[in-house]
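Notes follow once the structure below has been shown.
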Amino acid sequence: MLARKSIIPEEYVLARIAAENLRKPRIRDRPRKARFIAKNGACNLAHKNIREQGRFLQDIFTTLVDLKWRHTLVIFTMSFLCSWLLFAMMWWLVAFAHGDMDPSTESATNSTKWTPCVTCVRSFTSAFLFSIEVQVTIGFGGRMMTEECPLAITVLILQNIVGLIINAVMLGCIFMKTAQAHRRAETLIFSRQAVIAVRNGKLCFMFRVGDLRKSMIISASVRIQVVKKTTTPEGEVIPIHQVDIPVDNPIESNNIFLVAPLIICHVIDKRSPLYDISAADLALQDLELIVILEGVVETTGITTQARTSYIAEEILWGHRFVPIVTEEEGVYAVDYSKFGNTVKVAAPRCSARELDEKPSILIQTLQKSELSHQNSLRKRNSMRRNNSIRRSNSMRRTNSSLIVPKVQFITPEGSQSASET
């Protein structure tokens, strides 16, 4: 407004605006990397430009199982319907070739001088109904075959064989879709966030896993992989570089007994990809930790697999999971409402490498946490003491207000009499 009225030169205003924009720090959000594995275990991967589509038809059973339910039900219905129509056409041709469709043969059939291939088949509708009766083995009794036509016997055998194959394939496909392994994985849960804290004097990456069903997972094992974009010394860019990291398990077989929720721990040592990452560097890391739980379903014997992943924003440094298993009246109870709850604990903010090189950092951190804990206890005790003193003072005041004062009455003769009211 002032520049337009020529009170302040326009060049000065533009220069001032440019200087103010330079002084303001511009914070740009780092582009978020796409997850390789979603939290529910689905793979975030799209297959494009597949030229050899015929390979899917070579394994037709797996293709049918992998289809969506609506497509499977359409194929299930159309396979039976098409087979009924196909053999209905064949039965109609057999009857037509034998002359069963001729109206003049109806009177001859009644006089037992003419024997048709199939009784009571005089149209395509009746042939279609007979085809359904043969393949589904209904047998209403109105239509039946005779030994007059060997071709009809051949068609009957062929339809029975084709019907059995269709039943086996389609019913097996429906059974496999209902008993798929990932259905059991819906009741295997992981904590929404992972934590990094000190356990047994070492920095550890930890997360919690649990099973909501009473039926157990036999021979359950947990694997952890780090997925990140790396560049080799030769300049080759690997967009999805997978690195296995060990899981701390005291059992030599590396299997877990998943009868109650467990905290899976990975010790950050020299073999770990997290060895050089500190708390400040964690937010800048472009990595993803994939957790894979595998086992055999106790009730069905099918191998199942549950997956999830943790990115840098979902890893809490200096936290620990709260205990959720308690003993109540001789029974261990699990409170799943606290499944993902964490509490802050003392943990060094440096990397595991720095912690190994300078063990005194851990001692100093623990001493500071102990001092802060003692100070908090002192403050809490002092607050309780002050509150108790205030309560006692308030009670004294209330008691003093309830005391009835003495009143003196003066008579006209000048004598005084005191009475309590």
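Chain labels run A, B, ... following the order of the structure tokens; each chain numbers its residues from 1, and ligands are numbered from 1 in the order shown.
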
What are the nearest atom pairs, with distances in Å to one decimal, for all residues of segment 137-199 of chain A that come at most 6 Å from segment 206-226 of chain A, using only C-alpha atoms, set out by chain and rising residue number as a Markdown table?
```
| residue | atom | partner | partner_atom | distance |
| --- | --- | --- | --- | --- |
| A:Thr187 | CA | A:Leu212 | CA | 5.3 |
| A:Leu188 | CA | A:Asp211 | CA | 4.7 |
| A:Ile189 | CA | A:Gly210 | CA | 5.4 |
| A:Phe190 | CA | A:Val209 | CA | 4.5 |
| A:Ser191 | CA | A:Arg208 | CA | 5.3 |
| A:Ala194 | CA | A:Phe207 | CA | 4.7 |
| A:Val195 | CA | A:Met206 | CA | 5.3 |
```

May I have the residues from that selection written out with all heavy atoms, as a short mmCIF file (atom, residue, chain, number, x, y, z; two decimals), in the first residue's frame?
```cif
data_model
loop_
_atom_site.label_atom_id
_atom_site.label_comp_id
_atom_site.auth_asym_id
_atom_site.auth_seq_id
_atom_site.Cartn_x
_atom_site.Cartn_y
_atom_site.Cartn_z
N THR A 187 -5.26 -63.90 13.48
CA THR A 187 -5.28 -63.88 14.94
C THR A 187 -3.88 -63.85 15.55
O THR A 187 -3.73 -63.95 16.76
CB THR A 187 -6.04 -65.11 15.47
OG1 THR A 187 -5.49 -66.29 14.89
CG2 THR A 187 -7.51 -65.01 15.12
N LEU A 188 -2.85 -63.74 14.73
CA LEU A 188 -1.49 -63.52 15.20
C LEU A 188 -1.20 -62.02 15.12
O LEU A 188 -1.22 -61.45 14.03
CB LEU A 188 -0.48 -64.31 14.36
CG LEU A 188 -0.62 -65.83 14.40
CD1 LEU A 188 0.33 -66.48 13.41
CD2 LEU A 188 -0.36 -66.37 15.80
N ILE A 189 -0.98 -61.39 16.24
CA ILE A 189 -0.88 -59.93 16.29
C ILE A 189 0.52 -59.51 16.69
O ILE A 189 1.23 -60.24 17.40
CB ILE A 189 -1.92 -59.33 17.27
CG1 ILE A 189 -1.74 -59.93 18.67
CG2 ILE A 189 -3.33 -59.58 16.76
CD1 ILE A 189 -2.65 -59.31 19.72
N PHE A 190 0.90 -58.34 16.20
CA PHE A 190 2.18 -57.72 16.54
C PHE A 190 1.90 -56.35 17.15
O PHE A 190 0.86 -55.74 16.90
CB PHE A 190 3.07 -57.56 15.29
CG PHE A 190 3.41 -58.84 14.61
CD1 PHE A 190 2.59 -59.38 13.64
CD2 PHE A 190 4.57 -59.52 14.92
CE1 PHE A 190 2.89 -60.55 13.00
CE2 PHE A 190 4.90 -60.70 14.28
CZ PHE A 190 4.06 -61.22 13.32
N SER A 191 2.83 -55.87 17.94
CA SER A 191 2.71 -54.52 18.50
C SER A 191 2.84 -53.49 17.38
O SER A 191 3.60 -53.68 16.42
CB SER A 191 3.78 -54.28 19.56
OG SER A 191 5.07 -54.48 19.01
N ALA A 194 7.73 -50.73 17.72
CA ALA A 194 8.86 -51.43 18.30
C ALA A 194 9.66 -50.47 19.18
O ALA A 194 9.49 -49.24 19.09
CB ALA A 194 9.75 -52.01 17.20
N VAL A 195 10.50 -51.01 20.03
CA VAL A 195 11.25 -50.19 20.97
C VAL A 195 12.73 -50.58 20.91
O VAL A 195 13.08 -51.68 20.49
CB VAL A 195 10.72 -50.35 22.41
CG1 VAL A 195 9.28 -49.91 22.51
CG2 VAL A 195 10.86 -51.80 22.89
#
```

- [ ] Just give me the gap between atom CA of Cys204 of chain A and atom CA of Val267 of chain A in Å, one decimal is fine.
- [x] 4.5 Å

TODO: Tell me which protein, DNA and RNA residues are within 8 Å of Phe130 of chain A, counting only C-alpha atoms, leaving out same-chain ones fewer than 4 positions away, and put them as a PyMOL selection string.
DONE: chain A and resi 88+121+126+134+143

Task: Proximity to Cys265 of chain A - best of A:Ser337, A:Thr232, A:Asn200, A:Ser123, only C-alpha atoms - done: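 Closest residue, counting only C-alpha atoms: A:Asn200.
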
Open item on the list: Can you tell me, as number ranges by chain, which residues in segment 72-284 of chain A count as strand (DSSP E or B) by DSSP?
Closed with: A: 118, 145, 188-190, 194-199, 202-211, 217-231, 237-245, 248, 255-256, 262-267

Open item on the list: Which residues are close to Val322 of chain A, i.e. within 7 Å by only C-alpha atoms, leaving aside same-chain residues fewer than 3 positions away? Reply as a list of chain:residue names.
Closed with: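 That gives A:Asn341, A:Thr342, A:Val343.
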
Written selection (C-alpha atoms) as a PDB file, in the first residue's frame:
```pdb
ATOM      1  CA  ASN A 341       1.688 -49.937  25.747  1.00  0.00           C
ATOM      2  CA  THR A 342       5.214 -48.760  26.513  1.00  0.00           C
ATOM      3  CA  VAL A 343       6.920 -46.754  29.260  1.00  0.00           C
TER       4      VAL A 343
END
```

Quick one: contact table of segment 287-363 of chain A to segment 166-181 of chain A, 12 Å max, nearest atom pair and distance in Å to one decimal per residue, counting only C-alpha atoms, chain and number order, as a Markdown table?
```
| residue | atom | partner | partner_atom | distance |
| --- | --- | --- | --- | --- |
| A:Glu294 | CA | A:Ala181 | CA | 10.3 |
| A:Gly295 | CA | A:Ala181 | CA | 10.1 |
| A:Val296 | CA | A:Ala181 | CA | 9.3 |
| A:Val297 | CA | A:Ala181 | CA | 8.4 |
| A:Glu298 | CA | A:Ala181 | CA | 12.0 |
| A:Thr299 | CA | A:Ala179 | CA | 11.1 |
| A:Thr300 | CA | A:Ala179 | CA | 8.4 |
| A:Gly301 | CA | A:Ala181 | CA | 9.9 |
| A:Ile302 | CA | A:Ala181 | CA | 6.5 |
| A:Thr303 | CA | A:Ala181 | CA | 6.4 |
| A:Thr304 | CA | A:Ala181 | CA | 4.6 |
| A:Gln305 | CA | A:Ala181 | CA | 7.0 |
| A:Ala306 | CA | A:Ala181 | CA | 9.1 |
```

TODO: Pick out the residues sitting within 9 Å of segment 80-83 of chain A, and hand them over as a list of chain:residue names; count only C-alpha atoms, and ignore anything fewer than 2 positions along from it in its own chain.
DONE: A:Ile75, A:Phe76, A:Thr77, A:Met78, A:Leu85, A:Leu86, A:Phe87, A:Ala88, A:Ser131, A:Gln135, A:Gln159, A:Val162, A:Gly163, A:Ile166, A:Asn167

Go ahead and save the residues from that selection, with C-alpha atoms, as a compact mmCIF listing (two decimals), in the first residue's frame.
```txt
# COMPACT_ATOMS: atom_id res chain seq x y z
CA ILE A 75 -16.23 -70.17 -12.38
CA PHE A 76 -17.72 -72.75 -10.00
CA THR A 77 -21.25 -72.09 -11.29
CA MET A 78 -20.31 -71.83 -14.96
CA LEU A 85 -25.46 -77.96 -21.33
CA LEU A 86 -22.71 -79.76 -23.24
CA PHE A 87 -23.91 -83.23 -22.34
CA ALA A 88 -27.54 -82.18 -22.81
CA SER A 131 -28.06 -84.56 -18.14
CA GLN A 135 -24.17 -85.96 -13.45
CA GLN A 159 -20.25 -87.68 -18.38
CA VAL A 162 -16.07 -85.49 -16.39
CA GLY A 163 -18.48 -84.79 -13.55
CA ILE A 166 -15.19 -81.11 -12.03
CA ASN A 167 -16.40 -81.99 -8.54
```

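The shortest atom-to-atom distance to Gln193 of chain A, with only C-alpha atoms taken into account, belongs to A:Ser309 out of A:Asn40, A:Ser309, A:Thr137, A:Thr63.
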
For Asp286 of chain A, list every protein, DNA or RNA residue within 12 Å, evaluated using only C-alpha atoms, and leave out those in the same chain fewer than 2 positions away; present the list as a PDB file with C-alpha atoms, in the first residue's frame.
```pdb
ATOM      1  CA  ARG A  30      11.435 -35.757   3.707  1.00  0.00           C
ATOM      2  CA  PRO A  31       9.586 -37.769   1.073  1.00  0.00           C
ATOM      3  CA  ARG A  32       8.165 -40.819   2.764  1.00  0.00           C
ATOM      4  CA  LYS A  33       9.381 -44.101   1.381  1.00  0.00           C
ATOM      5  CA  ALA A  34       6.796 -46.646   0.325  1.00  0.00           C
ATOM      6  CA  ARG A  35       6.548 -49.615   2.644  1.00  0.00           C
ATOM      7  CA  PHE A  36       7.586 -52.991   1.290  1.00  0.00           C
ATOM      8  CA  VAL A 226      16.161 -55.230   7.199  1.00  0.00           C
ATOM      9  CA  VAL A 227      15.121 -53.854   3.824  1.00  0.00           C
ATOM     10  CA  LYS A 228      16.790 -50.699   2.572  1.00  0.00           C
ATOM     11  CA  LYS A 229      18.161 -49.100  -0.555  1.00  0.00           C
ATOM     12  CA  THR A 230      21.897 -49.603  -0.916  1.00  0.00           C
ATOM     13  CA  PRO A 239      16.448 -50.781  -4.335  1.00  0.00           C
ATOM     14  CA  ILE A 240      15.379 -53.669  -2.072  1.00  0.00           C
ATOM     15  CA  HIS A 241      18.418 -55.020  -0.256  1.00  0.00           C
ATOM     16  CA  LEU A 274      21.608 -51.060  13.488  1.00  0.00           C
ATOM     17  CA  ILE A 277      22.644 -45.920  14.305  1.00  0.00           C
ATOM     18  CA  ASP A 281      20.237 -40.868  13.258  1.00  0.00           C
ATOM     19  CA  LEU A 282      17.220 -43.177  13.504  1.00  0.00           C
ATOM     20  CA  ALA A 283      14.751 -40.552  12.256  1.00  0.00           C
ATOM     21  CA  LEU A 284      16.924 -39.943   9.190  1.00  0.00           C
ATOM     22  CA  GLU A 288      12.313 -51.001   7.123  1.00  0.00           C
ATOM     23  CA  LEU A 289      12.477 -53.963   9.486  1.00  0.00           C
ATOM     24  CA  TYR A 310       8.472 -51.335  11.304  1.00  0.00           C
ATOM     25  CA  ILE A 311       9.822 -48.148   9.754  1.00  0.00           C
ATOM     26  CA  ALA A 312      11.973 -45.569  11.533  1.00  0.00           C
ATOM     27  CA  GLU A 313       8.970 -43.528  12.703  1.00  0.00           C
TER      28      GLU A 313
END
```

TODO: Run DSSP on the backbone of this structure and report the residues of segment 230-333 of chain A it assigns to alpha helix (DSSP H), as a PyMOL selection string.
DONE: chain A and resi 279-282

Task: 12 Å contact set for Leu355 of chain A, only C-alpha atoms, chain neighbours under 3 positions out, as a PyMOL selection string - done: chain A and resi 198+201-203+268-270+275-278+347-352+358-365

Task: Distance criterion (only C-alpha atoms): nearest to Pro323 of chain A out of A:Ala197, A:Leu67, A:Leu287, A:Ala260 - done: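 That would be A:Ala260, the residue with the smallest distance to Pro323 of chain A.
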
Task: Residue with smallest distance to Val94 of chain A - pool A:Cys117, A:Val334, A:Leu316, A:Ala346, counting only C-alpha atoms - done: A:Cys117
